Amino acid sequence: MFLLDGVRFLSDVSPNWIIEVIDLSKSDFIVVTTPTVAGYKIKKVLGMVTGLAPRTRGVGGAFKGAFQSLKGGEVTAFTSEIEKARVQAIERAIEKAKEIGANAIIGMDIETSDIGQTNITLISATGTAVIIEPE
């Protein structure tokens, strides 16, 4: 479970992620995409943290995805895997931030890239680990 911009993600309920909006003041770790957290001041900047989640499509998934792409529209064979990778990348960034003493990540950015001709998709979650306190 983690917070991203005031939304709690319960990642252990895959593949249908359950989210709920909560009060940030009741969380022990906060992740936001913005450079600040409303109602908090940054006490100390600890540095950049990144979480990576590489994924490859197995033969069955690649075949199913290729078949779905013939019809057009969303390729649902990959949607849940990409969502799981996104959550895993964010969780890994949080783990690294906690290791250096942070209680929040600001400026979280999530990117996706393909690694050459390998059928590997890399999801990265990068942000700035900080210590924040209520104003």
# chains A, B, ... in the order shown; residues from 1 in each chain; ligands from 1
call {"tool": "residues_around", "arguments": {"residues": "Met108 in chain A", "least_positions_apart": "5", "cutoff": "7 Å", "atoms": "only C-alpha atoms", "output": "VMD selection string"}}
result
chain A and resid 31 to 33 125 to 127
call {"tool": "residues_around", "arguments": {"residues": "Val37 in chain A", "least_positions_apart": "6", "cutoff": "9 Å", "atoms": "only C-alpha atoms", "output": "list of chain:residue names"}}
result
A:Asp5, A:Ile30, A:Val31, A:Ile106, A:Ile132
call {"tool": "atom_distance", "arguments": {"atom1": "CA of Arg55 in chain A", "atom2": "CA of Ala85 in chain A"}}
result
7.1 Å
call {"tool": "residues_around", "arguments": {"residues": "Thr56 in chain A", "least_positions_apart": "6", "cutoff": "7 Å", "atoms": "only C-alpha atoms", "output": "list of chain:residue names"}}
result
A:Asn119, A:Ile120, A:Thr121
call {"tool": "write_last_selection", "arguments": {"atoms": "N, CA and C atoms", "output": "PDB file, in the first residue's frame"}}
result
ATOM      1  N   ASN A 119      11.826  -7.078 -26.369  1.00  0.00           N
ATOM      2  CA  ASN A 119      10.476  -7.231 -25.825  1.00  0.00           C
ATOM      3  C   ASN A 119      10.419  -6.961 -24.328  1.00  0.00           C
ATOM      4  N   ILE A 120      11.374  -6.175 -23.838  1.00  0.00           N
ATOM      5  CA  ILE A 120      11.374  -5.791 -22.429  1.00  0.00           C
ATOM      6  C   ILE A 120      10.905  -4.348 -22.333  1.00  0.00           C
ATOM      7  N   THR A 121       9.906  -4.133 -21.482  1.00  0.00           N
ATOM      8  CA  THR A 121       9.421  -2.785 -21.198  1.00  0.00           C
ATOM      9  C   THR A 121       9.892  -2.421 -19.803  1.00  0.00           C
TER      10      THR A 121
END
call {"tool": "atom_distance", "arguments": {"atom1": "CA of Asp109 in chain A", "atom2": "CA of Pro134 in chain A"}}
result
23.5 Å
call {"tool": "atom_distance", "arguments": {"atom1": "CA of Ser124 in chain A", "atom2": "CA of Ile82 in chain A"}}
result
11.3 Å
